[in-house]
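*Asks:* Quick one: this structure, given as structure tokens, is what I'll be asking you about.
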Amino acid sequence: MLDCGPSSLLSTFSKRVLDFYNIEHEPIRDNRLLVLTFIDRNANRRLLGKERHIQILQSKYPNVKVNLLDLAEYSMSDQVRIASESDILAGVHGAGLTHAIFQRPGSALVEIIPNSFNHKGFRNLAKMRGLQYFGTHASSLSGKIKRGNWQEDDVYLEAETFLELMDVAIKSMYNRGTRNDDIS
């Protein structure tokens with residue numbers, strides 16, 4: 001495991017892609033809803049019960065705009081824009097989380113890691129981009145249908161664990177920039 005820090009090369013790459021698509025990081029304003037984008041995987045490594053988890057999350061945090069999106073349905077420019085506008089980018093481990101490269105420094109990346117997998121590449125990416133990182137391993141799928149490998153198996157996370165993970169990420173944004181939200 002590497003102890004990564006800020007990367008000027010990665011920041012330069014991010015800025016050039018954002019410039020190419022004419023996307024600017026606006027200053028963080030305290031009068032707008034926080035934006036949490038959950039990457040909705042539809043082919044494999046799907047989060048079981050995600051619709052219910054997202055529904056509970058939305059009711060618990062009315063001050064957060066929660067987007068449940070399959071990025072594969074969007075053009076590359078839209079994917080970059082979506083990531084750049086997300087205060088929190090979340091999802092099950094996969095290539096979609098690479099879009100964290102385009103988030104504002106100080107934003108958060110949330111990763112749900114397959115149970116038997118121990119890769120920290122996205123944690124390192126977050127550190128190199130000046131993002132906060134929050135991750136947890138999915139629960140074991142004992143008794144559930146599995147395809148046989150971490151790349152294809154769906155993942156399960158108890159609602160309480162999902163909400164705790166998102167709670168930490170959301171509350172980490174409460175006093176970022178000029179925001180001044182109370183924790184309670």
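Convention: chains lettered A, B, ... in structure tokens order; per-chain residue numbering from 1; ligands numbered from 1 as shown.
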Neighbouring residues of Asn63 of chain A were defined as those with any atom within 9 Å, considering only C-alpha atoms; residues of the same chain fewer than 6 positions away were excluded. Please report them as a PyMOL selection string.
*Replies:* chain A and resi 32-34
*Asks:* For the residues selected in the previous step, produce a file with N, CA and C atoms as a short mmCIF file (atom, residue, chain, number, x, y, z; two decimals), in the first residue's frame.
*Replies:*
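The resulting file, again-v2.cif, is shown below:
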data_model
loop_
_atom_site.label_atom_id
_atom_site.label_comp_id
_atom_site.auth_asym_id
_atom_site.auth_seq_id
_atom_site.Cartn_x
_atom_site.Cartn_y
_atom_site.Cartn_z
N ARG A 32 -26.33 26.26 -1.47
CA ARG A 32 -26.84 25.25 -2.39
C ARG A 32 -26.83 23.89 -1.68
N LEU A 33 -27.62 22.98 -2.22
CA LEU A 33 -27.65 21.63 -1.68
C LEU A 33 -26.32 20.94 -1.97
N LEU A 34 -25.91 20.09 -1.05
CA LEU A 34 -24.76 19.22 -1.34
C LEU A 34 -25.20 18.24 -2.41
#
*Asks:* Could you list, as a list in words, every residue within 9 Å of Thr98 of chain A, counting only C-alpha atoms and ignoring same-chain residues fewer than 3 positions away?
*Replies:*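 My reading of the contact set: Gly94, Ala95, Ile101, Phe102, Phe122 and Leu125 of chain A.
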*Asks:* Considering only C-alpha atoms, return as a compact mmCIF listing (two decimals) with C-alpha atoms, in the first residue's frame whatever protein or nucleic-acid residues lie within 7 Å of Ile88 of chain A, sequence-local ones (same chain, fewer than 2 positions apart) excluded.
*Replies:*
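The result, stored in around13.txt:
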# COMPACT_ATOMS: atom_id res chain seq x y z
CA VAL A 35 -24.57 16.89 -4.35
CA LEU A 36 -23.99 13.18 -3.77
CA THR A 37 -23.66 11.14 -6.95
CA SER A 86 -20.39 16.23 -7.15
CA ALA A 90 -19.86 7.19 -4.31
CA SER A 107 -14.71 16.83 -2.07
CA ALA A 108 -15.22 13.23 -0.99
CA LEU A 109 -14.93 9.83 -2.62
*Asks:* Write down as an NGL selection string the residues of chain A whose backbone DSSP state falls under strand (DSSP E).
*Replies:* :A and (34-39 or 47-48 or 64-69 or 88-92 or 108-113 or 132-137 or 155-156)
*Asks:* Write out as a list in words each polymer residue whose atoms come within 9 Å of Ser140 of chain A, counting only C-alpha atoms; drop sequence neighbours fewer than 4 positions from it.
*Replies:*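 Within the cut-off, the hits are Pro114, Asn115, Ser116, Lys144, Val155, Tyr156 and Leu157 of chain A.
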*Asks:* Grab the residues selected above and save them as a PDB file, in the first residue's frame with N, CA and C atoms.
*Replies:*
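Okay, out_17.pdb is ready:
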ATOM      1  N   PRO A 114     -15.649  -4.808  -2.777  1.00  0.00           N
ATOM      2  CA  PRO A 114     -16.103  -6.198  -2.687  1.00  0.00           C
ATOM      3  C   PRO A 114     -15.449  -6.914  -1.510  1.00  0.00           C
ATOM      4  N   ASN A 115     -16.206  -7.819  -0.899  1.00  0.00           N
ATOM      5  CA  ASN A 115     -15.805  -8.478   0.341  1.00  0.00           C
ATOM      6  C   ASN A 115     -14.420  -9.094   0.300  1.00  0.00           C
ATOM      7  N   SER A 116     -14.083  -9.792  -0.749  1.00  0.00           N
ATOM      8  CA  SER A 116     -12.813 -10.527  -0.772  1.00  0.00           C
ATOM      9  C   SER A 116     -11.703  -9.753  -1.472  1.00  0.00           C
ATOM     10  N   LYS A 144     -26.315 -16.265  -0.760  1.00  0.00           N
ATOM     11  CA  LYS A 144     -26.810 -15.549  -1.942  1.00  0.00           C
ATOM     12  C   LYS A 144     -26.152 -16.141  -3.185  1.00  0.00           C
ATOM     13  N   VAL A 155     -22.663  -7.069  -4.733  1.00  0.00           N
ATOM     14  CA  VAL A 155     -22.223  -6.868  -3.349  1.00  0.00           C
ATOM     15  C   VAL A 155     -23.414  -6.499  -2.480  1.00  0.00           C
ATOM     16  N   TYR A 156     -23.275  -6.797  -1.216  1.00  0.00           N
ATOM     17  CA  TYR A 156     -24.330  -6.509  -0.258  1.00  0.00           C
ATOM     18  C   TYR A 156     -23.734  -5.715   0.893  1.00  0.00           C
ATOM     19  N   LEU A 157     -24.448  -4.680   1.281  1.00  0.00           N
ATOM     20  CA  LEU A 157     -24.058  -3.872   2.435  1.00  0.00           C
ATOM     21  C   LEU A 157     -25.331  -3.601   3.222  1.00  0.00           C
TER      22      LEU A 157
END
*Asks:* For Ile54 of chain A, find every residue with an atom within 10 Å (counting only C-alpha atoms), except residues of its own chain fewer than 2 positions away, and show them as a PDB file with N, CA and C atoms, in the first residue's frame.
*Replies:*
ATOM      1  N   PHE A  38     -24.231   8.811  -6.708  1.00  0.00           N
ATOM      2  CA  PHE A  38     -23.967   7.390  -6.512  1.00  0.00           C
ATOM      3  C   PHE A  38     -23.951   6.732  -7.878  1.00  0.00           C
ATOM      4  N   GLY A  49     -30.019  -3.994  -3.097  1.00  0.00           N
ATOM      5  CA  GLY A  49     -30.846  -3.163  -2.226  1.00  0.00           C
ATOM      6  C   GLY A  49     -30.562  -1.674  -2.329  1.00  0.00           C
ATOM      7  N   LYS A  50     -29.837  -1.269  -3.367  1.00  0.00           N
ATOM      8  CA  LYS A  50     -29.421   0.146  -3.463  1.00  0.00           C
ATOM      9  C   LYS A  50     -30.603   1.100  -3.531  1.00  0.00           C
ATOM     10  N   GLU A  51     -31.701   0.708  -4.185  1.00  0.00           N
ATOM     11  CA  GLU A  51     -32.846   1.612  -4.291  1.00  0.00           C
ATOM     12  C   GLU A  51     -33.385   1.962  -2.912  1.00  0.00           C
ATOM     13  N   ARG A  52     -33.491   0.963  -2.060  1.00  0.00           N
ATOM     14  CA  ARG A  52     -33.981   1.190  -0.681  1.00  0.00           C
ATOM     15  C   ARG A  52     -32.961   2.010   0.109  1.00  0.00           C
ATOM     16  N   ILE A  56     -33.800   5.731   1.746  1.00  0.00           N
ATOM     17  CA  ILE A  56     -33.607   6.062   3.161  1.00  0.00           C
ATOM     18  C   ILE A  56     -32.652   7.251   3.292  1.00  0.00           C
ATOM     19  N   LEU A  57     -31.592   7.242   2.510  1.00  0.00           N
ATOM     20  CA  LEU A  57     -30.613   8.328   2.536  1.00  0.00           C
ATOM     21  C   LEU A  57     -31.270   9.665   2.177  1.00  0.00           C
ATOM     22  N   GLN A  58     -32.100   9.666   1.135  1.00  0.00           N
ATOM     23  CA  GLN A  58     -32.778  10.891   0.714  1.00  0.00           C
ATOM     24  C   GLN A  58     -33.724  11.416   1.792  1.00  0.00           C
ATOM     25  N   SER A  59     -34.409  10.514   2.480  1.00  0.00           N
ATOM     26  CA  SER A  59     -35.327  10.968   3.526  1.00  0.00           C
ATOM     27  C   SER A  59     -34.564  11.476   4.749  1.00  0.00           C
ATOM     28  N   LYS A  60     -33.402  10.903   5.022  1.00  0.00           N
ATOM     29  CA  LYS A  60     -32.605  11.329   6.181  1.00  0.00           C
ATOM     30  C   LYS A  60     -31.894  12.657   5.913  1.00  0.00           C
ATOM     31  N   VAL A  66     -29.336  13.793  -4.040  1.00  0.00           N
ATOM     32  CA  VAL A  66     -28.776  12.470  -4.304  1.00  0.00           C
ATOM     33  C   VAL A  66     -29.105  12.068  -5.734  1.00  0.00           C
ATOM     34  N   ASN A  67     -28.062  11.828  -6.515  1.00  0.00           N
ATOM     35  CA  ASN A  67     -28.224  11.358  -7.891  1.00  0.00           C
ATOM     36  C   ASN A  67     -27.807   9.896  -7.959  1.00  0.00           C
ATOM     37  N   LEU A  68     -28.653   9.051  -8.502  1.00  0.00           N
ATOM     38  CA  LEU A  68     -28.339   7.645  -8.743  1.00  0.00           C
ATOM     39  C   LEU A  68     -28.210   7.512 -10.253  1.00  0.00           C
ATOM     40  N   ALA A 159     -28.126  -1.888   5.370  1.00  0.00           N
ATOM     41  CA  ALA A 159     -28.605  -0.500   5.302  1.00  0.00           C
ATOM     42  C   ALA A 159     -27.925   0.367   6.353  1.00  0.00           C
ATOM     43  N   PHE A 162     -24.379   1.139   5.211  1.00  0.00           N
ATOM     44  CA  PHE A 162     -24.447   2.071   4.090  1.00  0.00           C
ATOM     45  C   PHE A 162     -24.711   3.487   4.601  1.00  0.00           C
ATOM     46  N   LEU A 163     -25.710   3.632   5.467  1.00  0.00           N
ATOM     47  CA  LEU A 163     -26.064   4.955   5.990  1.00  0.00           C
ATOM     48  C   LEU A 163     -24.950   5.547   6.847  1.00  0.00           C
TER      49      LEU A 163
END
*Asks:* Rank A:Pro105, A:His93, A:Leu47, A:Gly177 by their smallest atom-to-atom distance to Ser139 of chain A, using only C-alpha atoms, and report the top residue only.
*Replies:*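 The closest residue to Ser139 of chain A is A:Leu47.
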*Asks:* Take atom CA of Gly5 of chain A and atom CA of Glu26 of chain A and report the distance between them in Å, one decimal.
*Replies:*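 The value is 23.8 Å.
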*Asks:* Return the single residue from A:Lys127, A:Arg46, A:His25, A:Arg176 that is closest to Arg81 of chain A, with distances computed using only C-alpha atoms.
*Replies:* A:His25
*Asks:* Measuring atom to atom with only C-alpha atoms, identify which of A:Ser77, A:Asn44, A:Asn175, A:Gln55 is nearest to Val17 of chain A.
*Replies:*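 That would be A:Ser77, the residue with the smallest distance to Val17 of chain A.
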*Asks:* Within 8 Å of Arg104 of chain A, counting only C-alpha atoms, which residues show up once you throw out same-chain ones fewer than 4 positions away? Write them as a VMD selection string, please.
*Replies:* chain A and resid 25 84 to 85 87 131
*Asks:* Please, could you write that set of residues out with C-alpha atoms as a short mmCIF file (atom, residue, chain, number, x, y, z; two decimals), in the first residue's frame?
*Replies:*
data_model
loop_
_atom_site.label_atom_id
_atom_site.label_comp_id
_atom_site.auth_asym_id
_atom_site.auth_seq_id
_atom_site.Cartn_x
_atom_site.Cartn_y
_atom_site.Cartn_z
CA HIS A 25 -14.97 24.46 -10.75
CA SER A 84 -16.95 17.93 -11.19
CA GLU A 85 -20.30 19.03 -9.74
CA ASP A 87 -19.43 17.05 -3.59
CA LEU A 131 -10.12 14.47 -1.73
#
*Asks:* Tell me which protein, DNA and RNA residues are within 8 Å of Leu71 of chain A, counting only C-alpha atoms, leaving out same-chain ones fewer than 5 positions away, and put them as a PyMOL selection string.
*Replies:* chain A and resi 39-40+79+96
*Asks:* Write the residues of the selection above to a file with N, CA and C atoms, as a CSV table (one decimal), in the first residue's frame.
*Replies:*
chain,number,residue,atom,x,y,z
A,39,ILE,N,-22.8,6.1,-8.2
A,39,ILE,CA,-22.7,5.5,-9.5
A,39,ILE,C,-23.4,4.1,-9.5
A,40,ASP,N,-24.4,4.0,-10.3
A,40,ASP,CA,-25.3,2.9,-10.4
A,40,ASP,C,-24.8,1.9,-11.4
A,79,GLN,N,-20.1,13.0,-18.2
A,79,GLN,CA,-19.5,12.3,-17.1
A,79,GLN,C,-18.6,13.2,-16.3
A,96,GLY,N,-15.8,3.6,-12.8
A,96,GLY,CA,-16.6,4.8,-12.6
A,96,GLY,C,-16.0,5.8,-11.6
*Asks:* Figure out the distance between atom CA of Ala83 of chain A and atom CA of Thr178 of chain A, please, to one decimal in Å.
*Replies:*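 Computing it gives 20.6 Å between the two atoms.
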*Asks:* If you run DSSP on the backbone here, which positions in segment 6-165 of chain A get alpha helix (DSSP H)? Please write them as a ChimeraX atom specification.
*Replies:* /A:8-20,50-60,76-84,121-129,159-165
*Asks:* Can you write out the residues you just picked, keeping C-alpha atoms, as a PDB file, in the first residue's frame?
*Replies:*
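Resulting contents of result.pdb:
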ATOM      1  CA  SER A   8       0.745  17.992  -9.640  1.00  0.00           C
ATOM      2  CA  LEU A   9       0.745  15.735 -12.723  1.00  0.00           C
ATOM      3  CA  LEU A  10      -2.730  14.389 -11.926  1.00  0.00           C
ATOM      4  CA  SER A  11      -3.995  17.897 -11.102  1.00  0.00           C
ATOM      5  CA  THR A  12      -2.654  19.191 -14.427  1.00  0.00           C
ATOM      6  CA  PHE A  13      -4.345  16.326 -16.291  1.00  0.00           C
ATOM      7  CA  SER A  14      -7.632  17.023 -14.512  1.00  0.00           C
ATOM      8  CA  LYS A  15      -7.453  20.735 -15.281  1.00  0.00           C
ATOM      9  CA  ARG A  16      -6.708  20.104 -18.950  1.00  0.00           C
ATOM     10  CA  VAL A  17      -9.665  17.741 -19.347  1.00  0.00           C
ATOM     11  CA  LEU A  18     -11.952  20.190 -17.533  1.00  0.00           C
ATOM     12  CA  ASP A  19     -10.676  23.017 -19.758  1.00  0.00           C
ATOM     13  CA  PHE A  20     -11.199  20.893 -22.882  1.00  0.00           C
ATOM     14  CA  LYS A  50     -29.421   0.146  -3.463  1.00  0.00           C
ATOM     15  CA  GLU A  51     -32.846   1.612  -4.291  1.00  0.00           C
ATOM     16  CA  ARG A  52     -33.981   1.190  -0.681  1.00  0.00           C
ATOM     17  CA  HIS A  53     -30.627   2.469   0.665  1.00  0.00           C
ATOM     18  CA  ILE A  54     -30.864   5.577  -1.536  1.00  0.00           C
ATOM     19  CA  GLN A  55     -34.503   6.142  -0.547  1.00  0.00           C
ATOM     20  CA  ILE A  56     -33.607   6.062   3.161  1.00  0.00           C
ATOM     21  CA  LEU A  57     -30.613   8.328   2.536  1.00  0.00           C
ATOM     22  CA  GLN A  58     -32.778  10.891   0.714  1.00  0.00           C
ATOM     23  CA  SER A  59     -35.327  10.968   3.526  1.00  0.00           C
ATOM     24  CA  LYS A  60     -32.605  11.329   6.181  1.00  0.00           C
ATOM     25  CA  MET A  76     -17.709  11.641 -21.666  1.00  0.00           C
ATOM     26  CA  SER A  77     -18.205  15.398 -21.342  1.00  0.00           C
ATOM     27  CA  ASP A  78     -21.343  14.831 -19.252  1.00  0.00           C
ATOM     28  CA  GLN A  79     -19.534  12.273 -17.085  1.00  0.00           C
ATOM     29  CA  VAL A  80     -16.745  14.790 -16.386  1.00  0.00           C
ATOM     30  CA  ARG A  81     -19.292  17.544 -15.639  1.00  0.00           C
ATOM     31  CA  ILE A  82     -21.277  15.278 -13.289  1.00  0.00           C
ATOM     32  CA  ALA A  83     -18.147  14.334 -11.363  1.00  0.00           C
ATOM     33  CA  SER A  84     -16.945  17.933 -11.192  1.00  0.00           C
ATOM     34  CA  GLY A 121      -6.146   2.354  -5.661  1.00  0.00           C
ATOM     35  CA  PHE A 122      -9.095   4.703  -5.251  1.00  0.00           C
ATOM     36  CA  ARG A 123      -7.967   5.678  -1.764  1.00  0.00           C
ATOM     37  CA  ASN A 124      -4.605   6.599  -3.287  1.00  0.00           C
ATOM     38  CA  LEU A 125      -6.286   8.474  -6.145  1.00  0.00           C
ATOM     39  CA  ALA A 126      -8.316  10.484  -3.623  1.00  0.00           C
ATOM     40  CA  LYS A 127      -5.165  11.435  -1.711  1.00  0.00           C
ATOM     41  CA  MET A 128      -3.415  12.493  -4.924  1.00  0.00           C
ATOM     42  CA  ARG A 129      -6.370  14.769  -5.814  1.00  0.00           C
ATOM     43  CA  ALA A 159     -28.605  -0.500   5.302  1.00  0.00           C
ATOM     44  CA  GLU A 160     -27.136   0.618   8.633  1.00  0.00           C
ATOM     45  CA  THR A 161     -23.566   0.301   7.344  1.00  0.00           C
ATOM     46  CA  PHE A 162     -24.447   2.071   4.090  1.00  0.00           C
ATOM     47  CA  LEU A 163     -26.064   4.955   5.990  1.00  0.00           C
ATOM     48  CA  GLU A 164     -23.155   5.204   8.432  1.00  0.00           C
ATOM     49  CA  LEU A 165     -20.689   5.384   5.526  1.00  0.00           C
TER      50      LEU A 165
END
*Asks:* Nearest to Ala43 of chain A among A:Asp153, A:Tyr21, A:Thr136, A:Lys65, with distances taken over only C-alpha atoms: which residue is it?
*Replies:*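 That would be A:Asp153, the residue with the smallest distance to Ala43 of chain A.
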*Asks:* Calculate how many Å separate atom CA of Val92 of chain A from atom CA of His137 of chain A, rounding to one decimal.
*Replies:*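 Going from atom CA of Val92 of chain A over to atom CA of His137 of chain A, I get 9.6 Å.
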*Asks:* Which of these residues is nearest to Lys120 of chain A, using only C-alpha atoms: A:Gly106, A:Asp167, A:Leu89, A:Asp3?
*Replies:* A:Asp3
